[in-house]
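Shown here: final.txt, compact mmCIF, C-alpha atoms.
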# COMPACT_ATOMS: atom_id res chain seq x y z
CA MET A 243 27.35 5.19 -2.21
CA PRO A 244 26.25 3.16 0.84
CA SER A 245 27.34 -0.43 1.29
CA TYR A 246 24.54 -2.99 1.22
CA LYS A 247 24.52 -6.48 2.73
CA LEU A 248 21.46 -8.73 2.40
CA THR A 249 21.34 -11.79 4.62
CA TYR A 250 18.87 -14.60 3.93
CA PHE A 251 18.59 -18.33 3.33
CA ASN A 252 20.04 -19.83 0.20
CA GLY A 253 16.69 -19.64 -1.53
CA ARG A 254 14.37 -17.17 -3.25
CA GLY A 255 11.56 -16.92 -0.70
CA LEU A 256 11.12 -13.53 0.90
CA GLY A 257 14.60 -12.30 0.00
CA GLU A 258 14.40 -12.69 -3.75
CA VAL A 259 12.42 -9.55 -4.56
CA SER A 260 15.24 -7.51 -3.00
CA ARG A 261 17.81 -9.39 -5.09
CA LEU A 262 15.69 -8.65 -8.20
CA ILE A 263 15.61 -4.95 -7.24
CA PHE A 264 19.41 -4.84 -6.89
CA ALA A 265 19.68 -6.60 -10.28
CA ALA A 266 17.24 -4.27 -12.05
CA ALA A 267 19.13 -1.30 -10.60
CA GLY A 268 22.53 -2.73 -11.55
CA GLN A 269 23.57 -2.22 -7.92
CA LYS A 270 26.26 -4.28 -6.19
CA PHE A 271 25.54 -5.81 -2.79
CA GLU A 272 26.85 -8.54 -0.51
CA ASP A 273 24.47 -11.50 -1.04
CA VAL A 274 24.86 -13.56 2.16
CA ARG A 275 23.09 -16.93 1.93
CA TYR A 276 22.80 -19.38 4.81
CA GLU A 277 21.80 -23.01 4.49
CA ARG A 278 19.17 -24.07 7.03
CA ASP A 279 21.71 -25.72 9.32
CA GLN A 280 23.93 -22.62 9.29
CA PHE A 281 21.16 -20.22 10.38
CA PRO A 282 20.94 -21.09 14.12
CA ALA A 283 24.52 -19.90 14.63
CA HIS A 284 23.57 -16.49 13.19
CA LYS A 285 20.04 -16.05 14.55
CA ALA A 286 21.15 -13.83 17.43
CA GLU A 287 22.78 -11.40 14.97
CA MET A 288 19.37 -10.57 13.50
CA PRO A 289 17.33 -7.84 15.26
CA LEU A 290 14.20 -10.04 15.39
CA GLY A 291 15.95 -13.39 15.13
CA GLN A 292 14.68 -13.72 11.56
CA MET A 293 15.80 -13.16 7.98
CA PRO A 294 16.01 -11.40 5.59
CA VAL A 295 17.97 -8.55 7.15
CA LEU A 296 19.45 -5.68 5.16
CA GLU A 297 22.51 -3.94 6.53
CA VAL A 298 23.09 -0.43 5.18
CA ASP A 299 26.40 1.08 6.27
CA GLY A 300 26.25 -1.20 9.30
CA VAL A 301 22.67 -0.40 10.43
CA LYS A 302 20.33 -3.44 10.35
CA LEU A 303 16.81 -3.47 8.95
CA PRO A 304 14.52 -6.50 9.29
CA GLN A 305 11.18 -7.30 7.55
CA SER A 306 11.28 -8.33 3.90
CA SER A 307 8.73 -5.79 2.59
CA ALA A 308 10.31 -2.87 4.44
CA ILE A 309 13.67 -3.87 2.96
CA ALA A 310 12.32 -4.21 -0.58
CA ARG A 311 10.39 -0.93 -0.46
CA TYR A 312 13.48 0.90 0.87
CA LEU A 313 15.68 -0.47 -1.91
CA ALA A 314 13.03 0.24 -4.55
CA LYS A 315 12.82 3.84 -3.39
CA GLU A 316 16.62 4.21 -3.37
CA PHE A 317 16.81 2.95 -6.96
CA HIS A 318 13.71 4.67 -8.38
CA LEU A 319 11.70 1.47 -8.74
CA ALA A 320 8.97 2.39 -6.26
CA GLY A 321 6.71 4.73 -8.25
CA LYS A 322 7.27 8.29 -9.43
CA ASP A 323 5.41 10.15 -6.69
CA ASN A 324 3.66 9.46 -3.42
CA PHE A 325 0.37 8.38 -4.99
CA ASP A 326 2.02 6.07 -7.55
CA GLN A 327 4.03 4.59 -4.65
CA ALA A 328 0.73 3.96 -2.85
CA LYS A 329 -0.65 2.14 -5.90
CA VAL A 330 2.52 0.04 -5.99
CA ASP A 331 2.07 -0.74 -2.28
CA ALA A 332 -1.56 -1.75 -2.89
CA VAL A 333 -0.49 -4.21 -5.62
CA VAL A 334 2.26 -5.61 -3.37
CA ASP A 335 -0.21 -6.08 -0.49
CA THR A 336 -2.61 -7.86 -2.85
CA VAL A 337 0.14 -10.27 -3.93
CA GLY A 338 0.92 -10.75 -0.23
CA ASP A 339 -2.75 -11.58 0.40
CA SER A 340 -2.54 -14.35 -2.20
CA PHE A 341 0.51 -15.86 -0.51
CA LYS A 342 -1.23 -16.17 2.87
CA GLY A 343 -3.42 -18.93 1.42
CA PHE A 344 -0.43 -20.71 -0.12
CA ILE A 345 1.55 -21.01 3.11
CA PRO A 346 -0.50 -23.92 4.54
CA THR A 347 0.23 -25.90 1.35
CA ILE A 348 3.95 -25.61 2.12
CA PHE A 349 3.81 -26.75 5.73
CA GLU A 350 1.21 -29.53 5.64
CA GLN A 351 2.99 -32.84 6.16
CA ASP A 352 0.18 -35.30 5.47
CA PRO A 353 0.31 -35.90 1.68
CA VAL A 354 -3.46 -36.43 1.32
CA LYS A 355 -4.31 -33.25 3.24
CA LYS A 356 -1.57 -31.38 1.38
CA GLU A 357 -3.07 -32.32 -1.96
CA GLU A 358 -6.55 -31.26 -0.76
CA ILE A 359 -5.36 -27.87 0.51
CA LYS A 360 -3.37 -27.31 -2.66
CA LYS A 361 -6.36 -28.13 -4.87
CA LYS A 362 -8.61 -25.77 -2.92
CA PHE A 363 -6.01 -23.01 -3.07
CA PHE A 364 -5.54 -23.19 -6.83
CA THR A 365 -9.23 -23.72 -7.65
CA ASP A 366 -11.00 -21.37 -5.21
CA ASP A 367 -8.57 -19.07 -3.50
CA LEU A 368 -5.83 -17.97 -5.90
CA PRO A 369 -8.11 -17.06 -8.85
CA LYS A 370 -9.84 -14.39 -6.74
CA HIS A 371 -6.53 -12.75 -5.89
CA LEU A 372 -5.32 -12.99 -9.49
CA GLN A 373 -8.55 -11.31 -10.61
CA ASN A 374 -7.91 -8.56 -8.05
CA LEU A 375 -4.38 -8.12 -9.39
CA GLU A 376 -5.64 -7.80 -12.98
CA THR A 377 -8.20 -5.25 -11.74
CA LEU A 378 -5.44 -3.15 -10.18
CA GLY A 379 -3.16 -3.54 -13.22
CA LYS A 380 -5.90 -2.26 -15.51
CA LEU A 381 -6.81 0.54 -13.07
CA TYR A 382 -3.27 1.79 -12.49
CA GLY A 383 -1.31 0.52 -15.51
CA ASN A 384 -2.14 3.48 -17.82
CA GLY A 385 -2.77 0.94 -20.59
CA GLY A 386 0.73 -0.53 -20.32
CA HIS A 387 1.98 -3.93 -19.22
CA PHE A 388 3.41 -2.89 -15.86
CA PHE A 389 1.20 -2.64 -12.79
CA VAL A 390 1.67 1.09 -12.21
CA GLY A 391 2.31 4.05 -14.44
CA ASN A 392 3.84 2.44 -17.51
CA GLN A 393 7.13 1.71 -15.79
CA LEU A 394 8.75 -1.21 -14.03
CA THR A 395 8.32 -1.04 -10.25
CA TRP A 396 8.96 -3.49 -7.46
CA ALA A 397 5.26 -4.45 -7.69
CA ASP A 398 6.09 -6.17 -11.01
CA LEU A 399 9.17 -7.83 -9.49
CA TYR A 400 7.18 -8.90 -6.42
CA PHE A 401 4.45 -10.51 -8.51
CA TYR A 402 7.04 -12.05 -10.84
CA ASN A 403 8.71 -13.77 -7.90
CA PHE A 404 5.65 -15.14 -6.11
CA ALA A 405 3.94 -16.19 -9.33
CA GLN A 406 6.99 -18.32 -10.13
CA THR A 407 6.35 -20.27 -6.93
CA TYR A 408 2.68 -20.75 -7.88
CA ILE A 409 3.54 -21.85 -11.43
CA GLU A 410 6.08 -24.35 -10.15
CA ALA A 411 3.29 -25.88 -8.02
CA GLU A 412 0.57 -25.62 -10.70
CA ALA A 413 1.80 -24.88 -14.20
CA ASP A 414 -1.57 -23.66 -15.58
CA CYS A 415 -2.53 -21.32 -12.78
CA LEU A 416 -2.16 -18.13 -14.85
CA ASN A 417 -3.86 -19.51 -17.99
CA ASN A 418 -7.04 -17.48 -17.44
CA PHE A 419 -5.11 -14.29 -16.71
CA PRO A 420 -3.50 -13.00 -19.92
CA TRP A 421 -2.76 -9.55 -18.49
CA LEU A 422 -0.73 -11.11 -15.70
CA LYS A 423 1.07 -13.46 -18.09
CA GLN A 424 1.97 -10.51 -20.32
CA ASN A 425 3.18 -8.57 -17.27
CA ARG A 426 5.55 -11.40 -16.28
CA ALA A 427 6.80 -11.69 -19.86
CA GLU A 428 7.63 -7.96 -19.84
CA VAL A 429 9.58 -8.34 -16.60
CA GLU A 430 11.58 -11.27 -17.98
CA LYS A 431 12.46 -9.28 -21.11
CA GLN A 432 14.20 -6.48 -19.19
CA PRO A 433 17.88 -7.02 -20.07
CA LYS A 434 19.29 -6.74 -16.52
CA ILE A 435 16.62 -9.09 -15.22
CA ALA A 436 17.06 -11.60 -18.05
CA GLU A 437 20.78 -11.64 -17.24
CA TYR A 438 20.14 -12.07 -13.50
CA LEU A 439 17.64 -14.89 -14.04
CA LYS A 440 20.20 -16.72 -16.15
CA GLN A 441 22.96 -16.42 -13.53
CA ARG A 442 21.19 -16.72 -10.17
CA PRO A 443 21.60 -19.88 -8.07
CA LYS A 444 18.92 -22.48 -8.78
CA THR A 445 17.15 -23.33 -5.52
CA GLN A 446 14.07 -25.34 -4.62
CA PHE A 447 12.29 -22.31 -3.08
CA MET B 61 -5.14 20.55 -1.66
CA PRO B 62 -6.54 17.15 -2.71
CA SER B 63 -9.92 15.94 -1.46
CA TYR B 64 -9.83 12.79 0.63
CA LYS B 65 -12.63 10.28 1.23
CA LEU B 66 -12.08 7.21 3.41
CA SER B 67 -14.70 4.44 3.26
CA TYR B 68 -14.85 1.71 5.90
CA PHE B 69 -17.13 0.06 8.41
CA ASN B 70 -18.37 2.05 11.37
CA ALA B 71 -15.49 0.69 13.43
CA ARG B 72 -11.82 1.23 14.25
CA GLY B 73 -10.38 -1.95 12.72
CA VAL B 74 -7.73 -1.56 10.04
CA ALA B 75 -8.87 1.94 9.02
CA GLU B 76 -8.46 3.67 12.36
CA VAL B 77 -4.74 4.29 11.88
CA SER B 78 -5.65 6.40 8.82
CA ARG B 79 -8.23 8.37 10.82
CA LEU B 80 -5.55 8.95 13.49
CA ILE B 81 -3.14 10.19 10.80
CA PHE B 82 -5.74 12.68 9.50
CA ALA B 83 -6.36 13.81 13.11
CA VAL B 84 -2.68 14.35 13.92
CA ALA B 85 -2.20 16.21 10.65
CA GLY B 86 -5.26 18.35 11.29
CA GLU B 87 -6.50 17.40 7.81
CA LYS B 88 -10.16 17.31 6.81
CA PHE B 89 -11.53 14.21 5.09
CA GLU B 90 -14.87 12.59 4.36
CA ASP B 91 -15.19 9.81 6.94
CA VAL B 92 -17.65 7.38 5.30
CA ARG B 93 -18.76 4.63 7.70
CA TYR B 94 -21.02 1.73 6.68
CA GLU B 95 -22.88 -0.50 9.09
CA ARG B 96 -22.58 -4.20 8.23
CA ASP B 97 -26.02 -4.32 6.61
CA GLN B 98 -25.26 -1.28 4.43
CA TRP B 99 -22.01 -2.72 3.12
CA PRO B 100 -23.26 -5.22 0.47
CA ALA B 101 -24.87 -2.39 -1.51
CA HIS B 102 -21.48 -0.67 -1.84
CA LYS B 103 -19.16 -3.65 -2.32
CA ASP B 104 -19.00 -3.21 -6.10
CA GLU B 105 -17.80 0.37 -5.74
CA MET B 106 -14.57 -0.89 -4.16
CA PRO B 107 -11.73 -1.97 -6.50
CA LEU B 108 -11.20 -5.28 -4.68
CA GLY B 109 -14.67 -5.61 -3.15
CA GLN B 110 -13.19 -4.75 0.25
CA MET B 111 -12.67 -1.80 2.58
CA PRO B 112 -11.03 0.45 3.54
CA VAL B 113 -10.71 2.40 0.33
CA LEU B 114 -9.23 5.88 0.10
CA GLU B 115 -10.42 8.13 -2.69
CA VAL B 116 -8.00 10.95 -3.57
CA ASP B 117 -9.45 13.42 -6.06
CA GLY B 118 -11.64 10.60 -7.32
CA VAL B 119 -8.96 7.91 -7.74
CA LYS B 120 -9.50 4.87 -5.52
CA LEU B 121 -6.80 3.15 -3.47
CA PRO B 122 -7.46 -0.13 -1.59
CA GLN B 123 -5.37 -1.92 1.08
CA SER B 124 -5.27 -0.42 4.56
CA ALA B 125 -1.47 -0.33 4.96
CA ALA B 126 -0.92 1.27 1.53
CA ILE B 127 -3.54 3.89 2.43
CA ALA B 128 -2.01 4.66 5.81
CA ARG B 129 1.53 4.87 4.46
CA PHE B 130 0.40 7.22 1.66
CA LEU B 131 -1.35 9.54 4.10
CA ALA B 132 1.58 9.43 6.53
CA LYS B 133 3.95 10.45 3.73
CA GLN B 134 1.59 13.23 2.60
CA PHE B 135 1.50 14.67 6.11
CA HIS B 136 5.13 14.09 7.15
CA LEU B 137 4.36 11.32 9.62
CA ALA B 138 6.29 8.58 7.83
CA GLY B 139 9.92 9.25 8.79
CA LYS B 140 12.26 12.03 7.69
CA ASP B 141 14.20 10.20 4.97
CA ASN B 142 14.13 6.95 3.05
CA PHE B 143 16.01 4.92 5.67
CA GLU B 144 13.87 6.22 8.55
CA GLN B 145 10.78 5.42 6.51
CA ALA B 146 12.16 1.88 6.18
CA GLN B 147 12.60 1.68 9.96
CA VAL B 148 9.00 2.84 10.37
CA ASP B 149 7.88 0.21 7.83
CA ALA B 150 9.79 -2.49 9.75
CA VAL B 151 7.97 -1.55 12.98
CA VAL B 152 4.65 -1.47 11.11
CA ASP B 153 5.26 -4.94 9.64
CA THR B 154 6.12 -6.27 13.10
CA ILE B 155 2.81 -4.92 14.40
CA TYR B 156 0.94 -6.56 11.50
CA ASP B 157 2.73 -9.83 12.38
CA ILE B 158 0.85 -9.65 15.70
CA LEU B 159 -2.48 -9.40 13.89
CA LYS B 160 -1.61 -12.36 11.68
CA ALA B 161 -0.75 -14.45 14.73
CA TRP B 162 -4.00 -13.39 16.42
CA MET B 163 -6.31 -14.20 13.48
CA PRO B 164 -6.71 -17.98 14.03
CA SER B 165 -8.07 -17.51 17.56
CA ARG B 166 -10.28 -14.58 16.48
CA LEU B 167 -11.79 -16.59 13.59
CA GLU B 168 -12.18 -19.94 15.36
CA GLN B 169 -15.85 -20.81 15.90
CA ASP B 170 -15.51 -23.78 18.26
CA GLU B 171 -15.49 -22.30 21.76
CA ALA B 172 -13.05 -24.79 23.29
CA LYS B 173 -10.57 -24.47 20.40
CA LYS B 174 -10.95 -20.68 20.47
CA GLU B 175 -10.09 -20.60 24.16
CA ALA B 176 -7.01 -22.77 23.63
CA LEU B 177 -5.77 -20.73 20.67
CA SER B 178 -6.37 -17.48 22.52
CA LYS B 179 -4.46 -18.72 25.55
CA LYS B 180 -1.53 -19.71 23.33
CA PHE B 181 -1.60 -16.37 21.55
CA PHE B 182 -1.67 -14.20 24.67
CA GLY B 183 0.58 -16.52 26.67
CA GLU B 184 3.31 -17.35 24.17
CA GLU B 185 3.09 -15.65 20.79
CA LEU B 186 2.16 -12.10 21.69
CA PRO B 187 4.98 -11.62 24.23
CA LYS B 188 7.54 -12.58 21.56
CA HIS B 189 6.18 -9.99 19.13
CA LEU B 190 5.98 -7.33 21.85
CA GLN B 191 9.58 -8.10 22.73
CA ASN B 192 10.47 -7.62 19.05
CA LEU B 193 8.70 -4.25 19.05
CA GLU B 194 10.63 -3.13 22.12
CA THR B 195 13.85 -4.28 20.42
CA LEU B 196 13.10 -2.14 17.37
CA GLY B 197 11.99 0.82 19.48
CA LYS B 198 15.25 0.76 21.40
CA LEU B 199 17.25 0.29 18.18
CA TYR B 200 15.63 3.09 16.16
CA SER B 201 14.26 5.60 18.67
CA ASN B 202 17.47 7.53 19.39
CA GLY B 203 16.68 7.23 23.10
CA GLY B 204 13.22 8.78 22.80
CA HIS B 205 9.73 7.39 23.39
CA PHE B 206 8.62 7.17 19.77
CA PHE B 207 9.57 4.15 17.69
CA VAL B 208 11.72 6.00 15.14
CA GLY B 209 13.89 9.06 15.22
CA LYS B 210 12.46 10.92 18.21
CA GLN B 211 9.31 11.96 16.39
CA LEU B 212 5.76 10.72 16.08
CA THR B 213 5.23 8.54 13.02
CA TRP B 214 2.43 6.31 11.87
CA ALA B 215 4.24 3.36 13.48
CA ASP B 216 3.34 4.88 16.86
CA LEU B 217 -0.26 5.48 15.76
CA LEU B 218 -0.60 1.92 14.46
CA PHE B 219 0.73 0.44 17.69
CA TYR B 220 -1.47 2.77 19.69
CA ASN B 221 -4.51 1.50 17.84
CA PHE B 222 -3.78 -2.22 18.05
CA GLY B 223 -2.44 -1.91 21.55
CA GLN B 224 -5.90 -0.66 22.50
CA LEU B 225 -7.59 -3.66 20.90
CA LEU B 226 -5.19 -6.09 22.57
CA THR B 227 -5.74 -4.59 26.02
CA GLU B 228 -9.50 -4.65 25.48
CA PHE B 229 -9.22 -8.44 25.11
CA GLU B 230 -6.51 -9.00 27.72
CA ALA B 231 -6.06 -6.01 30.02
CA ASP B 232 -2.63 -7.04 31.37
CA CYS B 233 -0.96 -7.95 28.09
CA LEU B 234 1.39 -4.94 28.06
CA ASN B 235 2.31 -5.13 31.77
CA ASN B 236 5.78 -6.53 31.15
CA PHE B 237 6.55 -4.03 28.41
CA SER B 238 7.21 -0.68 30.00
CA TRP B 239 8.78 0.87 26.88
CA LEU B 240 5.65 0.10 24.89
CA GLN B 241 3.36 1.41 27.63
CA LYS B 242 5.36 4.64 27.73
CA ASN B 243 5.18 4.87 23.94
CA ARG B 244 1.37 4.66 24.03
CA ALA B 245 1.20 7.23 26.82
CA GLU B 246 3.24 9.65 24.69
CA VAL B 247 0.88 9.18 21.75
CA GLU B 248 -2.19 9.85 23.91
CA LYS B 249 -0.64 13.08 25.21
CA GLN B 250 -0.34 14.65 21.74
CA PRO B 251 -2.99 17.41 21.83
CA LYS B 252 -4.62 16.65 18.47
CA ILE B 253 -4.77 12.94 19.34
CA ALA B 254 -6.16 13.56 22.83
CA GLU B 255 -8.87 15.72 21.24
CA TYR B 256 -9.63 13.12 18.57
CA LEU B 257 -9.83 10.28 21.09
CA LYS B 258 -12.30 12.27 23.15
CA ASN B 259 -14.60 12.96 20.19
CA ARG B 260 -14.47 9.86 17.99
CA PRO B 261 -17.45 7.44 17.79
CA ARG B 262 -17.38 4.64 20.37
CA THR B 263 -17.43 1.28 18.55
CA GLN B 264 -16.99 -2.31 19.67
CA PHE B 265 -13.99 -2.92 17.38

Translate this file's structure into structure tokens.
Amino acid sequence: MPSYKLTYFNGRGLGEVSRLIFAAAGQKFEDVRYERDQFPAHKAEMPLGQMPVLEVDGVKLPQSSAIARYLAKEFHLAGKDNFDQAKVDAVVDTVGDSFKGFIPTIFEQDPVKKEEIKKKFFTDDLPKHLQNLETLGKLYGNGGHFFVGNQLTWADLYFYNFAQTYIEAEADCLNNFPWLKQNRAEVEKQPKIAEYLKQRPKTQF
Amino acid sequence: MPSYKLSYFNARGVAEVSRLIFAVAGEKFEDVRYERDQWPAHKDEMPLGQMPVLEVDGVKLPQSAAIARFLAKQFHLAGKDNFEQAQVDAVVDTIYDILKAWMPSRLEQDEAKKEALSKKFFGEELPKHLQNLETLGKLYSNGGHFFVGKQLTWADLLFYNFGQLLTEFEADCLNNFSWLQKNRAEVEKQPKIAEYLKNRPRTQF
């Protein structure tokens, strides 16, 4: 059994999907969390000067999606064969596409502009991506509630995590997307995930 | 043996890495290319209204990175085990980070702003990402010229492809990165790639 150490900020962000994967798999790992003012002292330890980084038996791996996909494959949460894994990757990339439009809403400082960008994102931009996600869920879900192949994969965990961020910014944003709401409800019901969600640190992001 | 059909514009773009993977693997596929004015008539055939799309025995897969990773795994160009595949994915994500950083200057319409953004990208941002790629290459390559594990993977093909685009815009941009230049030279030398590069359609992008 390898030893796993995940290093990230004390927040959900891009590290949380990996934490959800460890939780769903019931796998122990060292969950290193740095506050923002602690990170500069550790930046040089990271291969690309960024986090998250996963250390597996001492070898470091950067890039949040590469980390999550690796862990999902290790713990059989990535899709049952190569083609199912590709469908999972396509869903993940589509969630990632939705987040690109959200990023400016995080960093805009001017409150008037911020509100404008946010409104445009939730009214024009996000619904298209959510429609795309429902399309893929219905195409690949084999009639079930999970995105691919009637089983939980990291695509469901990935969407669960980023949708939480959207809902915290705009509570109604999934109201027109019952398939996606049902998918998130299924994820939350998984016993190991329900337990993890209850226990995990509460953070702003 | 499955049947493969790849649909994209008549261009290199984000589909070319998949064409390179087919070429290296010596695998036949239907290489569907639409000119820009042909595309609207086919948009509805694509799951997300976008290309590329890979059709495998009639089942459609969107998202260029998911497609490329699937094909690489099918043809043993993805890394020899799960952890090497993760290293390949980390290199791939670092290459896509370059594209993300480049997008604002590519999309900017105002000529003066475009010039300023482009200067900033090639002068400041790109060198940092190229440095990151060299860091990963030296970390994962086992002393060889390929990014991971002393063998050609799709990470090398992806960098080959986008390295070409970058040097078409800014011929000197790899001059300070001898490891990366050597990596591209090794890719070009592979017989099936050399043959493919000689014969492929010449397109602007």

Report as a PyMOL selection string all protein, DNA and RNA residues lying within 7 Å of stretch 276-291 of chain A, evaluated on all atoms listed in the file, omitting residues in the same chain fewer than 3 positions from it. (chain A and resi 250-252+295+304) or (chain B and resi 192)

For the residues selected in the previous step, produce a file with C-alpha atoms as a CSV table (one decimal), keeping the file's coordinate frame.
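Result file follows (out.csv):
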chain,number,residue,atom,x,y,z
A,250,TYR,CA,18.9,-14.6,3.9
A,251,PHE,CA,18.6,-18.3,3.3
A,252,ASN,CA,20.0,-19.8,0.2
A,295,VAL,CA,18.0,-8.6,7.2
A,304,PRO,CA,14.5,-6.5,9.3
B,192,ASN,CA,10.5,-7.6,19.0

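Between chain B and the candidates A:Asn324, A:Gln351, A:Ser260, A:Ser245, the tightest atom-to-atom separation, counting all atoms listed in the file, involves A:Asn324.
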
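Contact shell of stretch 157-159 of chain B at 10 Å (all atoms listed in the file; same-chain neighbours under 2 positions omitted): Val151, Val152, Asp153, Thr154, Ile155, Ala161, Trp162, Met163, Pro164, Arg166, Phe181, Glu185, Leu186, Pro187, Lys188, His189, Leu190, Phe222 and Leu226 of chain B.
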
Can you pull out the residues contacting B:Ile127? Cut-off 12 Å, using only C-alpha atoms, and skip same-chain residues under 4 positions away; I want them as a VMD selection string. (chain A and resid 324 to 333 335) or (chain B and resid 64 to 67 74 to 79 81 to 82 111 to 116 120 to 123 131 to 134 214)

Using all atoms listed in the file - which residues lie no farther than 6 Å from the point (5.2, -2.4, 0.5) in the file's frame? Write them as a VMD selection string. chain A and resid 307 311 331 334

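Separating atom CA of A:Asp273 from atom CA of A:Arg442 is a distance of 11.0 Å.
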
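Picture a line from atom CA of A:Ile345 to atom CA of A:Asn374; it runs 19.2 Å.
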
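Residues in contact with B:Leu137 at up to 10 Å, not including ones fewer than 4 positions away on its chain and judged by only C-alpha atoms, are B:Ile81, B:Val84, B:Ala85, B:Ala128, B:Arg129, B:Phe130, B:Leu131, B:Ala132, B:Lys133, B:Gln145, B:Val148, B:Gln211, B:Leu212, B:Thr213, B:Trp214, B:Ala215, B:Asp216, B:Leu217.
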
Could you name the residues that touch stretch 381-395 of chain A at 8 Å or less, counting only C-alpha atoms, but leaving out those on the same chain fewer than 2 positions away, as a VMD selection string? chain A and resid 314 319 to 321 326 329 to 330 333 377 to 379 397 to 399 421 424 to 425 428 to 429

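Nearest residue to chain A, choosing from B:Gln98, B:Phe182, B:Gly73, B:Tyr200 and counting only C-alpha atoms: B:Tyr200.
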
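Atom CA of A:Glu437 lies 8.7 Å from atom CA of A:Ala265.
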
Cut-off 12 Å: closest stretch 104-180 of chain B/stretch 357-373 of chain A atom pairs per residue, using all atoms listed in the file, as a Markdown table:
| residue | atom | partner | partner_atom | distance |
| --- | --- | --- | --- | --- |
| B:Pro107 | CA | A:Gln373 | CA | 10.7 |
| B:Leu108 | CA | A:Gln373 | CA | 8.9 |
| B:Gly109 | CA | A:Lys370 | CA | 10.6 |

Please write the residues from the selection above to a file, keeping C-alpha atoms, as a short mmCIF file (atom, residue, chain, number, x, y, z; two decimals), in the coordinates of the input.
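Final output, saved to part-v5.cif:
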data_model
loop_
_atom_site.label_atom_id
_atom_site.label_comp_id
_atom_site.auth_asym_id
_atom_site.auth_seq_id
_atom_site.Cartn_x
_atom_site.Cartn_y
_atom_site.Cartn_z
CA PRO B 107 -11.73 -1.97 -6.50
CA LEU B 108 -11.20 -5.28 -4.68
CA GLY B 109 -14.67 -5.61 -3.15
#
